[in-house]
4 protein chains.
Amino acid sequence: MLQSNFLTDLLATITNRAQQATTARDTRPIEQLCEVLLSDIGDVSATKVARAILQKYRGLDAGQRADFFRHLADGFDIDPETVVALAQRYGKTRAPQDLAALITQAEPRRQEILRRLNRIQGATADLVAMRCDLFEAMRNEPSLARIDLDFAHLFASWFNPGFLVLRRINWNSPANILEKIIAYEAVHAIDSWEALRLRLVPEDRQCYAYFHPCMPEEPLIFVEVALTNGIPGNIQSLLAEDRAAASAQQMDTAVFYSISNCQAGLRGISFGNALIKHVVEDLSISQPQLKTFVTLSPIPGYRAWLDGQLETLPVAEAKPLRAALTHPDDKSTALLRRYIAHYLVHEKRPDGSPVNAVARFHLGNGAIVQEVHPHGDTSENGQRGSYGAMVNYLYDPAKIDRNIEGFTTTGTIATSRAITTLLKSAPIQTSKADT
Amino acid sequence: MLQSNFLTDLLATITNRAQQATTARDTRPIEQLCEVLLSDIGDVSATKVARAILQKYRGLDAGQRADFFRHLADGFDIDPETVVALAQRYGKTRAPQDLAALITQAEPRRQEILRRLNRIQGATADLVAMRCDLFEAMRNEPSLARIDLDFAHLFASWFNPGFLVLRRINWNSPANILEKIIAYEAVHAIDSWEALRLRLVPEDRQCYAYFHPCMPEEPLIFVEVALTNGIPGNIQSLLAEDRAAASAQQMDTAVFYSISNCQAGLRGISFGNALIKHVVEDLSISQPQLKTFVTLSPIPGYRAWLDGQLETLPVAEAKPLRAALTHPDDKSTALLRRYIAHYLVHEKRPDGSPVNAVARFHLGNGAIVQEVHPHGDTSENGQRGSYGAMVNYLYDPAKIDRNIEGFTTTGTIATSRAITTLLKSAPIQTSKADT
Amino acid sequence: MLQSNFLTDLLATITNRAQQATTARDTRPIEQLCEVLLSDIGDVSATKVARAILQKYRGLDAGQRADFFRHLADGFDIDPETVVALAQRYGKTRAPQDLAALITQAEPRRQEILRRLNRIQGATADLVAMRCDLFEAMRNEPSLARIDLDFAHLFASWFNPGFLVLRRINWNSPANILEKIIAYEAVHAIDSWEALRLRLVPEDRQCYAYFHPCMPEEPLIFVEVALTNGIPGNIQSLLAEDRAAASAQQMDTAVFYSISNCQAGLRGISFGNALIKHVVEDLSISQPQLKTFVTLSPIPGYRAWLDGQLETLPVAEAKPLRAALTHPDDKSTALLRRYIAHYLVHEKRPDGSPVNAVARFHLGNGAIVQEVHPHGDTSENGQRGSYGAMVNYLYDPAKIDRNIEGFTTTGTIATSRAITTLLKSAPIQTSKADT
Amino acid sequence: MLQSNFLTDLLATITNRAQQATTARDTRPIEQLCEVLLSDIGDVSATKVARAILQKYRGLDAGQRADFFRHLADGFDIDPETVVALAQRYGKTRAPQDLAALITQAEPRRQEILRRLNRIQGATADLVAMRCDLFEAMRNEPSLARIDLDFAHLFASWFNPGFLVLRRINWNSPANILEKIIAYEAVHAIDSWEALRLRLVPEDRQCYAYFHPCMPEEPLIFVEVALTNGIPGNIQSLLAEDRAAASAQQMDTAVFYSISNCQAGLRGISFGNALIKHVVEDLSISQPQLKTFVTLSPIPGYRAWLDGQLETLPVAEAKPLRAALTHPDDKSTALLRRYIAHYLVHEKRPDGSPVNAVARFHLGNGAIVQEVHPHGDTSENGQRGSYGAMVNYLYDPAKIDRNIEGFTTTGTIATSRAITTLLKSAPIQTSKADT
């Protein structure tokens, strides 16, 4: 007689199905079960076979998994000759039934196996894990990448951004979700529940995650946000426990200081841009006093690049640069800002995009390079990756589209007035970057 | 600071996105927008373009929609020659990158359009509606069926049974869901809220529906269940308001007396078998006294078939048959039972499956023909479709798999002992059925 | 393993307990069971006895209920002599234990019976119903009002405004709640589900209800709100199906056009003022464009009063007044406005408060008389009660406190400038009102 | 447009109100504000005054709080003379209005202050905290206990068992609830989140808590349950991380191994018996294989009592007893079991109830003394309180009522056959216990 709750129903649906997996073991080899699954056996039997496959798969060791993947790659591939014939026919007839035949044959049969496995409630998480195993196997056998085409194709459909659910993560969130936040935080580690509490409870902290309805207990990606007065340039101050939080009225800036992807098996399925856009929208409504949306981002790779420069620079130029790295003062800061800005804006890959991956991500989402901070991260970790340098990428909702268009069509990198001026003031001559 | 609710978040996610559709109208033609959508424009812009397409589409009249579909069919089709070349190449190399190229080209470009449209939260319902329009257009131009291949392919992925959520429908369910139950009931019409109440509130009534997380306010299919003492043979008694409901202890039978698909745009995506199986599981747990799971089903088409028989039968045989149809007594019942059972079990389509669609559905799900009732539905509607005949299909969880295997491999139709005996007792000679 | 939902738990708690009521019947008379309940029997047994009492009570007819109430009134009353003795003693000692003894004895024993009955989950609704029966019985035996002192005392504690939960009622609300909204609407009747839909679905309609956590399926009071552009003066236009709703931006006014108490058994426990205040707060946040909060209220009793005036007025004055009532034009409107305003503002009860109960309610809550409308309700119902007259009471959050203070301390009735001017312009001489 | 969630609404109701507390400070002294609160000021103003009182109260130091309590005790007490007069009058008239006057005057005025404070959403938690302060103040001034009569009276109404909500606590519960479980565990301390995880996640662990709807984030009491095969006699084994959990089928026993009251301010308001009964019901339904419901309880005070015995016993008897306490073997166990059982069953307070408080609790709830374990708790804590002794109290749903009746009417302590035999076998002569 109770009004049931959607999440409860959803979890019940998944859980009930999962629990039935206790049926007797099927003794047929997994490859044969895959053939059976593709045959016309009715949905009820197919469910059983699919469960048996997943159960067997879980029991395989790395070698057996490689065998299985090899079989998927070769035994359940397309038949090119058939495809040629059907494509030629369709070229002549343009008839629906001929197109149907072609499409069916031009899709590797293993794709349908994955699709049928996913008909079991709760199987999506198994398939995400299977893809992680595949990545492992692909290291030794690049040819297995053919299977990943199918995973990537299906996951792009299943994890369609239109299917994702944005949830606020806070201290009222279930513990089983929160322990995953601790585990998955990839940028600024959270090393205890107490540390997590400090990221969630204070009024100047927010956290958001994306979930998929079929994996309601598994965050896909999450972002941590600090609300500040003005744009911060230093991560240690931002995270300091004894910081003086701005009052609600003063909080005019939302700082995205950590974005973590949670599911290695969803590599290449992009959630970050949708998440940032979605969070900006939500914050704009719930905290209308916010005027600025900005990141405080690491610059992985910058140290390696700068080390390269130091090796090739004339001694007269290298020396002050070296000194600047170890003696943070106004002068060193001024010098280093130019190098950082140069690295982010001018160092490009052969395809014309920035060498820095984080820059590619935010600039591709429509952000601009707002400001750079030579001594933004004084942690050991920060030193190791970028001599402590950090950067703010700014998201101005009104200009995001224009920035994206510039970036994707002409490779233009939008910068704040300060950075533009900085880059013009005293251009840096660099040795050729070749990554 | 509130612990948020998953459905709330889910609806909020969908709704917020939907409301932003109020952006300025894009004046480019819809076909051009589709091209833009496929180009490399970044996710934020893509979202805008996708919204503009859906908005424009909603404004099209039937003729314009046909134009649009024609363009999708021809302008965004595959290029067979390219496919031929790529298939030949992959036949030689078996290289992942060649397979990737082939797969991409062997998929009509319109499929990616649909996929990108669906990235907008809430767009799934729009695409389901678009497919209804397509069905309309296909009547005149069968060639448009090529587009439906893409819809069918994508919907099968998106509406994967593993993604569905089973919910009990009762008098505590939201009114916006219940009004859809009233609207979608296709078997035994519900003509008012009061009539709905009588289907949901009494203790001997249950109702279940499947939902998709991305259309949480739209039931996909639902089933109404009566809990009875013994297997009923008459729908009017079953639904009578003044019936004496069995006590909880006596209720040993669950009767699936109405199953309705709700979404015309999901034609061909089968939910019924998963639903029945799922409901049997749920009822077995929540009402452990239930021993029998059975339908009370209509037999559409039986009247037309019997009329055909009557025309060709010798007068001596036709006469008592005609009399039996209008004079329900023990003798007429005995005679008619044989005809009904014969129709269900022996009348086949050229492919060997039963001519009766409802029979195909239940037998294909592993049910057996348990009993037939010549006067099971005395309503005008029942007379019109089957001279009032109804049938019980029985689901015995222990035998479902065996039944499916028999049905799918050898076409065997499982029957109860009573029906088996009946069919053997006095076989009926029929004129050739040719549907 | 599921994260449970608070309402689900709450309902489960109530329902589970309720269902256990199927224990064997206790054959002792209800009065004896009450004595047992008061004895020291441990909580588990007390629960059984309490259930037995409620079960027995439900089976009583009106006469038996009166017997039961009589027994409660006399057999479970206080003993005045004991109270006198204990009060004298406490007057001397001021010792806690003496105060404890006094307090215990100065409370009628029946109060503890009610308190112990309420320990059963779900019993609160039974007790609310019992009080309705008591009201019935009190008509014939005013002495039973002594029992109502205990009900009123306990209900004031249990239905403390701090315990109430404000919920929005909309078309997504559960049907079992909505059918109660239909049933309880007391001002402008809702005669079908379709009519209800029109009160909930349009964007310019809102509805709110208060619930108590222990009766989560029973609204206590609800208010219907129309969002308009400007203050409306006519209920028919406001409710017209074909009205042109203002755009979201234009909606600057929230009109409370119907407030209904749902529980007769909670008479005297006031929810209305808390509800209005709470809804004003919620609307101010969710719809910040709203600037004005106003009612469109009936004026029950005005017709009777005016009829009285007509009888005693000189013919020369009565005639145009009579004409005005039947010929709505500018002139008649001007004349009638004065009478309505006079009635609301100047006609008082002996205690100095307004004769009109609706006026007392809103003015007591801090509203002012904003405007009056001689032809605001053209329905038969409106004619019957007030010759069609209606009134707007305005709630200005900034002035509510001052208005309440004026009203409660000096009886001052705050009015808008228009009404103030109107009343000064041409004061009305009335015959003495004596209600 | 969203279907709202009851808990969300409930929390929103509480939170919104709490946040408005930011109004300007009222400068009047708290005692004066209390007078104002009792005057007839309308609900809106009363809310403001009540908030001002609570805000001021929070700012008081211990001395100021004592002053405030003194004022409550004397300045807002009843007037005994008035009560005498009104009781005499009601003795004569038995009129409802006279009873009303008497009841009103026989209730200390401070009670109405507390009631009006509680009208603010969220104030209940403040009042619970205020009572803790009162307990503190009462230590020095026993006369303040008069105020506690009012707290106790009101809390008994507000925290009526019929209002409580039973919730399962598990690893999906919100972190803010779980951190309170860690904080409030009073029997077997939980010293980290990881330790908590081990109490919640394994399949042989359950946890339940009672909540009040007006303090939905504050557990009132919780119980931890272990599911075992057979009745355990040792807490260390029961909690061992490396224990081999029984399979679901084997789990036939539910062991209540820890019950913790969470709210010091609710002292004397008993939740434990209702909780145990409720949890037994819930487990019986959700885990029908459970046959036995039993505690594994500490015996605080047993060591002190036994030390007393040791001092007075003849040396010949004391010596083996002392040896038994330090050398756990079969013989020592046999000897000690007799002492433990004797202590629990025969050592009584002057009123005839057991000296051991835990025994009083469980026996009063209808349990029996099932078995005793001299070495059931080998922790330092266990040694300190009871030389490591523990006891199982058994709850047999079929006999609970009979046990309660025996215990409450004749003081009979029900024991298992084993304990009965043990006590008869070799009765212990003790020195007089005098607690």
# chains A, B, ... in the order shown; residues from 1 in each chain; ligands from 1

call {"tool": "interface_residues", "arguments": {"of": "chain A", "to": "chain D", "cutoff": "9 Å", "atoms": "only C-alpha atoms", "output": "ChimeraX atom specification"}}
result
/A:5,170-178,193

call {"tool": "write_last_selection", "arguments": {"atoms": "N, CA, C and O atoms", "output": "PDB file, in the first residue's frame"}}
result
ATOM      1  N   ASN A   5       9.245   4.534  -3.872  1.00  0.00           N
ATOM      2  CA  ASN A   5      10.224   5.547  -4.197  1.00  0.00           C
ATOM      3  C   ASN A   5      11.011   5.086  -5.412  1.00  0.00           C
ATOM      4  O   ASN A   5      11.386   3.914  -5.504  1.00  0.00           O
ATOM      5  N   ASN A 170      26.736  15.631  -0.451  1.00  0.00           N
ATOM      6  CA  ASN A 170      27.014  16.357   0.784  1.00  0.00           C
ATOM      7  C   ASN A 170      27.077  15.383   1.959  1.00  0.00           C
ATOM      8  O   ASN A 170      27.096  14.168   1.758  1.00  0.00           O
ATOM      9  N   TRP A 171      27.095  15.938   3.138  1.00  0.00           N
ATOM     10  CA  TRP A 171      27.299  15.088   4.314  1.00  0.00           C
ATOM     11  C   TRP A 171      26.054  14.261   4.640  1.00  0.00           C
ATOM     12  O   TRP A 171      26.087  13.371   5.484  1.00  0.00           O
ATOM     13  N   ASN A 172      24.960  14.563   3.960  1.00  0.00           N
ATOM     14  CA  ASN A 172      23.751  13.741   4.090  1.00  0.00           C
ATOM     15  C   ASN A 172      23.702  12.638   3.047  1.00  0.00           C
ATOM     16  O   ASN A 172      22.743  11.868   2.996  1.00  0.00           O
ATOM     17  N   SER A 173      24.682  12.577   2.181  1.00  0.00           N
ATOM     18  CA  SER A 173      24.694  11.528   1.160  1.00  0.00           C
ATOM     19  C   SER A 173      25.016  10.192   1.810  1.00  0.00           C
ATOM     20  O   SER A 173      25.650  10.127   2.858  1.00  0.00           O
ATOM     21  N   PRO A 174      24.561   9.092   1.175  1.00  0.00           N
ATOM     22  CA  PRO A 174      24.803   7.765   1.746  1.00  0.00           C
ATOM     23  C   PRO A 174      26.305   7.460   1.838  1.00  0.00           C
ATOM     24  O   PRO A 174      27.082   7.813   0.944  1.00  0.00           O
ATOM     25  N   ALA A 175      26.666   6.770   2.900  1.00  0.00           N
ATOM     26  CA  ALA A 175      28.080   6.464   3.132  1.00  0.00           C
ATOM     27  C   ALA A 175      28.690   5.660   1.984  1.00  0.00           C
ATOM     28  O   ALA A 175      29.857   5.829   1.645  1.00  0.00           O
ATOM     29  N   ASN A 176      27.914   4.766   1.375  1.00  0.00           N
ATOM     30  CA  ASN A 176      28.505   3.954   0.310  1.00  0.00           C
ATOM     31  C   ASN A 176      28.865   4.793  -0.916  1.00  0.00           C
ATOM     32  O   ASN A 176      29.754   4.445  -1.682  1.00  0.00           O
ATOM     33  N   ILE A 177      28.171   5.911  -1.107  1.00  0.00           N
ATOM     34  CA  ILE A 177      28.557   6.851  -2.166  1.00  0.00           C
ATOM     35  C   ILE A 177      29.789   7.627  -1.723  1.00  0.00           C
ATOM     36  O   ILE A 177      30.766   7.772  -2.470  1.00  0.00           O
ATOM     37  N   LEU A 178      29.777   8.087  -0.503  1.00  0.00           N
ATOM     38  CA  LEU A 178      30.881   8.929  -0.023  1.00  0.00           C
ATOM     39  C   LEU A 178      32.199   8.177  -0.011  1.00  0.00           C
ATOM     40  O   LEU A 178      33.248   8.738  -0.320  1.00  0.00           O
ATOM     41  N   TRP A 193      37.764  10.068   6.433  1.00  0.00           N
ATOM     42  CA  TRP A 193      36.391  10.561   6.482  1.00  0.00           C
ATOM     43  C   TRP A 193      36.364  11.977   7.029  1.00  0.00           C
ATOM     44  O   TRP A 193      35.545  12.794   6.627  1.00  0.00           O
TER      45      TRP A 193
END

call {"tool": "residues_around", "arguments": {"residues": "region 281-283 of chain D", "least_positions_apart": "2", "cutoff": "12 Å", "atoms": "only C-alpha atoms", "output": "PyMOL selection string"}}
result
(chain C and resi 9+12-13+16-17+19-20) or (chain D and resi 166-168+205-208+225-227+251-256+274-279+285-293+395-397)

call {"tool": "atom_distance", "arguments": {"atom1": "CA of Phe361 (chain C)", "atom2": "CA of Leu164 (chain C)"}}
result
19.8 Å

call {"tool": "select_by_dssp", "arguments": {"residues": "region 231-268 of chain D", "states": "alpha helix (DSSP H)", "output": "list in words"}}
result
Ile235, Gln236, Ser237, Leu238 and Leu239 of chain D

call {"tool": "residues_around", "arguments": {"residues": "Ile78 (chain B)", "least_positions_apart": "5", "cutoff": "12 Å", "atoms": "only C-alpha atoms", "output": "number ranges by chain"}}
result
A: 87-88, 90-91, 94, 99-100, 102-103, 106; B: 72-73, 83-84, 102-112, 146-147, 150

call {"tool": "residues_around", "arguments": {"residues": "region 389-391 of chain C", "least_positions_apart": "4", "cutoff": "12 Å", "atoms": "only C-alpha atoms", "output": "ChimeraX atom specification"}}
result
/C:231-236,255-257,294-303,306,325,328,333,336-341,343-345,356,358-359,362,367-385,415,419

call {"tool": "select_by_dssp", "arguments": {"residues": "region 164-290 of chain C", "states": "strand (DSSP E)", "output": "PyMOL selection string"}}
result
chain C and resi 165-168+205-211+221-228+253-261

call {"tool": "residues_around", "arguments": {"residues": "Leu220 (chain D)", "least_positions_apart": "2", "cutoff": "6 Å", "atoms": "only C-alpha atoms", "output": "MDAnalysis selection string"}}
result
chainID D and resid 210:211 262:263
